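Chemist: Structure below; questions to follow.
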Amino acid sequence: MDLVRHLECFVAVAEESHFGRAAARLGMAQPPLSQRIQRLERYLGVRLFERTSRQVALTEPGALLLAEAREVLARSEAFMATARRIRDGETGLLRAALPPDLSGETVAALLAGFTGAGTSGLELELHELSTAQQLERFAAHDLDVGLIHHPCDVSGLELGPVLRRELGVLLPRGAAAAGLGEVPLASLTGHDLILFPRAGAPAVYDDLLTTCARNGYTPPAVRHAQGASFVRGLVLSTEAVALSPRDTHGHAQEDAAPEGGVVWRPLSGAPLALRHSVAWPAGRGDAAVSAFADAATQALRGTAGATPDLPSRPLHLRPASEYWL
């Protein structure tokens, strides 16, 4: 029995005091309406109306139940409205992730853009996760949307625009290459290289090292770090170098710290870059995901100097499981 529909019939007859007018209001014929009222009365075990040839009047039990019926219908309408908003991404919970290498300015801009996109009824659960961790969460259906690095396996995912951030080099101020306006990768020979841990984005890690080798730079050793302060400390103490994007002010994120001793320089020919896009499970692209994707794209372009990428290689290389350690 469709209780909500039967209660709609009950309320309509009570308010119209006439089966014919109530049937017209509900867009149905009078006999089915009478049958529904009779079924509701049997279901509730009470008589709702006194019927005469000229009018219909509420019984005392019917009058007592009318307010309750109206409240049930109001709650039902509110329930369905909430369900529609969740379906359309206007409310509910959005589980999202960002990689650890984003600057605080970019994260703040993304959150401000997302909040300003009409998502006030939506709870954002934001996590800091590497690309590999995001792919695992997507596979486990524990993540709705994330910002990933390419290349990686994108099977089962839909992607927003791919953006490119060119990488320069962060190096000790006293290094010979620090005096150059643009640094050829080959001039970094002899310096250890600081990279993020390989497990976070294995294909990106391998791609960066391969490109360095092709351009004449094979580091004696690779050291692993992620936090800006830790990276800067390694550069200062070990004479290593690190790959770092330029922000919109023309400086590396790490170079903005008060400790001197490190400088950022662009690489000759811009051979290295980070490539990002927002990703989400195929078929999940609702309004909430779109708002997050738009906010992330605008934040990366506005605060991190990201530009649209025209990839010469496919984004989908091989299954991510083959990269994970």
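Ligands are numbered from 1 in the order shown, residues from 1 within each chain, and chains are lettered A, B, ... in the order they appear in the structure tokens.
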Could you list, with a cut-off of 12 Å and counting only C-alpha atoms, the residues of range 141-193 of chain A near range 102-118 of chain A, each shown with its nearest atom pair and the distance in Å rounded to one decimal, rows sorted by chain and ascending number, as JSON lines?

Modeler:
```
{"residue": "A:Leu147", "atom": "CA", "partner": "A:Leu102", "partner_atom": "CA", "distance": 10.1}
{"residue": "A:Ile148", "atom": "CA", "partner": "A:Leu102", "partner_atom": "CA", "distance": 11.3}
{"residue": "A:His149", "atom": "CA", "partner": "A:Leu102", "partner_atom": "CA", "distance": 11.5}
{"residue": "A:Arg165", "atom": "CA", "partner": "A:Leu102", "partner_atom": "CA", "distance": 11.3}
```

Chemist: Go ahead and dump the residues you just picked, C-alpha atoms, as a CSV table (one decimal), in the first residue's frame.

Modeler:
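Output (selection_32.csv):
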```
chain,number,residue,atom,x,y,z
A,147,LEU,CA,43.1,15.8,-8.0
A,148,ILE,CA,45.6,13.3,-9.5
A,149,HIS,CA,49.0,13.4,-11.2
A,165,ARG,CA,52.8,23.2,-14.2
```

Chemist: Do you know which residues are at most 10 Å from Ala14 in chain A counting only C-alpha atoms, after dropping those on the same chain fewer than 2 positions away, and could you put them as a list of chain:residue names?

Modeler: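 After dropping sequence-adjacent residues, the list is A:Glu8, A:Cys9, A:Phe10, A:Val11, A:Ala12, A:Glu16, A:Ser17, A:His18, A:Phe19, A:Ala22, A:Leu48, A:Phe49, A:Val56, A:Ala57, A:Leu58, A:Gly62, A:Ala63, A:Leu66.
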
Chemist: With distances taken over only C-alpha atoms, which residue among A:Leu135, A:Val263, A:Ala199, A:Leu124 lies nearest Val183 in chain A?

Modeler: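 That would be A:Val263, the residue with the smallest distance to Val183 in chain A.
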
Chemist: Quick one: DSSP strand (DSSP E) residues in range 17-224 of chain A, as a PyMOL selection string?

Modeler: chain A and resi 49-51+56-58+92-98+122-128+145-150+157-159+163-172+193-195+222-224

Chemist: From the options A:Cys212, A:Arg284, A:Ala69, A:Val289, which residue's atoms come nearest to His141 in chain A, counting only C-alpha atoms?

Modeler: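 Closest to His141 in chain A of all the choices is A:Arg284.
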
Chemist: Find the distance between CA of Ser229 in chain A and CA of Val262 in chain A and write it in Å to one decimal.

Modeler: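 One can read the CA of Ser229 in chain A to CA of Val262 in chain A distance as 11.6 Å.
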
Chemist: To test your reading of the structure, identify every residue in range 90-296 of chain A that backbone DSSP assigns to helix (DSSP H, G or I), and report it as number ranges by chain.

Modeler: A: 104-115, 131-139, 176-179, 185-188, 198-200, 202-214, 228-238, 254-256, 287-296

Chemist: Give me the residues within 8 Å of Leu94 in chain A as a VMD selection string, counting only C-alpha atoms and dropping any in the same chain fewer than 3 places off.

Modeler: chain A and resid 122 to 125 144 to 145 288 to 289

Chemist: Would you output that residue set with all heavy atoms, as a PDB file, in the first residue's frame?

Modeler:
```pdb
ATOM      1  N   LEU A 122      26.275  21.372   1.201  1.00  0.00           N
ATOM      2  CA  LEU A 122      27.121  20.198   0.981  1.00  0.00           C
ATOM      3  C   LEU A 122      28.264  20.164   1.982  1.00  0.00           C
ATOM      4  O   LEU A 122      28.946  21.161   2.200  1.00  0.00           O
ATOM      5  CB  LEU A 122      27.684  20.242  -0.439  1.00  0.00           C
ATOM      6  CG  LEU A 122      28.549  19.075  -0.883  1.00  0.00           C
ATOM      7  CD1 LEU A 122      27.714  17.821  -1.020  1.00  0.00           C
ATOM      8  CD2 LEU A 122      29.214  19.392  -2.206  1.00  0.00           C
ATOM      9  N   GLU A 123      28.472  19.012   2.600  1.00  0.00           N
ATOM     10  CA  GLU A 123      29.609  18.836   3.505  1.00  0.00           C
ATOM     11  C   GLU A 123      30.784  18.287   2.709  1.00  0.00           C
ATOM     12  O   GLU A 123      30.682  17.251   2.059  1.00  0.00           O
ATOM     13  CB  GLU A 123      29.254  17.869   4.630  1.00  0.00           C
ATOM     14  CG  GLU A 123      30.422  17.623   5.596  1.00  0.00           C
ATOM     15  CD  GLU A 123      30.093  16.589   6.653  1.00  0.00           C
ATOM     16  OE1 GLU A 123      28.935  16.144   6.717  1.00  0.00           O
ATOM     17  OE2 GLU A 123      31.019  16.212   7.410  1.00  0.00           O
ATOM     18  N   LEU A 124      31.909  18.980   2.753  1.00  0.00           N
ATOM     19  CA  LEU A 124      33.110  18.561   2.037  1.00  0.00           C
ATOM     20  C   LEU A 124      34.056  17.877   3.013  1.00  0.00           C
ATOM     21  O   LEU A 124      34.506  18.481   3.987  1.00  0.00           O
ATOM     22  CB  LEU A 124      33.797  19.766   1.394  1.00  0.00           C
ATOM     23  CG  LEU A 124      35.091  19.461   0.624  1.00  0.00           C
ATOM     24  CD1 LEU A 124      34.813  18.571  -0.576  1.00  0.00           C
ATOM     25  CD2 LEU A 124      35.762  20.769   0.180  1.00  0.00           C
ATOM     26  N   GLU A 125      34.361  16.619   2.740  1.00  0.00           N
ATOM     27  CA  GLU A 125      35.319  15.861   3.535  1.00  0.00           C
ATOM     28  C   GLU A 125      36.607  15.778   2.720  1.00  0.00           C
ATOM     29  O   GLU A 125      36.712  14.999   1.787  1.00  0.00           O
ATOM     30  CB  GLU A 125      34.763  14.462   3.822  1.00  0.00           C
ATOM     31  CG  GLU A 125      35.665  13.596   4.680  1.00  0.00           C
ATOM     32  CD  GLU A 125      35.062  12.215   4.900  1.00  0.00           C
ATOM     33  OE1 GLU A 125      34.140  12.110   5.741  1.00  0.00           O
ATOM     34  OE2 GLU A 125      35.499  11.265   4.213  1.00  0.00           O
ATOM     35  N   ASP A 144      34.983  10.267  -3.816  1.00  0.00           N
ATOM     36  CA  ASP A 144      34.082  10.766  -4.850  1.00  0.00           C
ATOM     37  C   ASP A 144      34.800  11.564  -5.919  1.00  0.00           C
ATOM     38  O   ASP A 144      34.383  11.560  -7.084  1.00  0.00           O
ATOM     39  CB  ASP A 144      33.000  11.648  -4.213  1.00  0.00           C
ATOM     40  CG  ASP A 144      32.151  10.897  -3.210  1.00  0.00           C
ATOM     41  OD1 ASP A 144      31.743   9.762  -3.526  1.00  0.00           O
ATOM     42  OD2 ASP A 144      31.912  11.427  -2.111  1.00  0.00           O
ATOM     43  N   VAL A 145      35.859  12.276  -5.543  1.00  0.00           N
ATOM     44  CA  VAL A 145      36.561  13.127  -6.498  1.00  0.00           C
ATOM     45  C   VAL A 145      37.947  13.431  -5.950  1.00  0.00           C
ATOM     46  O   VAL A 145      38.157  13.468  -4.730  1.00  0.00           O
ATOM     47  CB  VAL A 145      35.760  14.442  -6.745  1.00  0.00           C
ATOM     48  CG1 VAL A 145      35.657  15.273  -5.475  1.00  0.00           C
ATOM     49  CG2 VAL A 145      36.354  15.264  -7.879  1.00  0.00           C
ATOM     50  N   ALA A 288      28.015  18.526  -7.573  1.00  0.00           N
ATOM     51  CA  ALA A 288      29.039  18.694  -6.541  1.00  0.00           C
ATOM     52  C   ALA A 288      30.430  18.419  -7.106  1.00  0.00           C
ATOM     53  O   ALA A 288      31.378  19.161  -6.855  1.00  0.00           O
ATOM     54  CB  ALA A 288      28.765  17.765  -5.358  1.00  0.00           C
ATOM     55  N   VAL A 289      30.544  17.338  -7.872  1.00  0.00           N
ATOM     56  CA  VAL A 289      31.827  17.015  -8.494  1.00  0.00           C
ATOM     57  C   VAL A 289      32.229  18.109  -9.478  1.00  0.00           C
ATOM     58  O   VAL A 289      33.391  18.532  -9.527  1.00  0.00           O
ATOM     59  CB  VAL A 289      31.745  15.643  -9.196  1.00  0.00           C
ATOM     60  CG1 VAL A 289      32.942  15.426 -10.117  1.00  0.00           C
ATOM     61  CG2 VAL A 289      31.671  14.527  -8.167  1.00  0.00           C
TER      62      VAL A 289
END
```
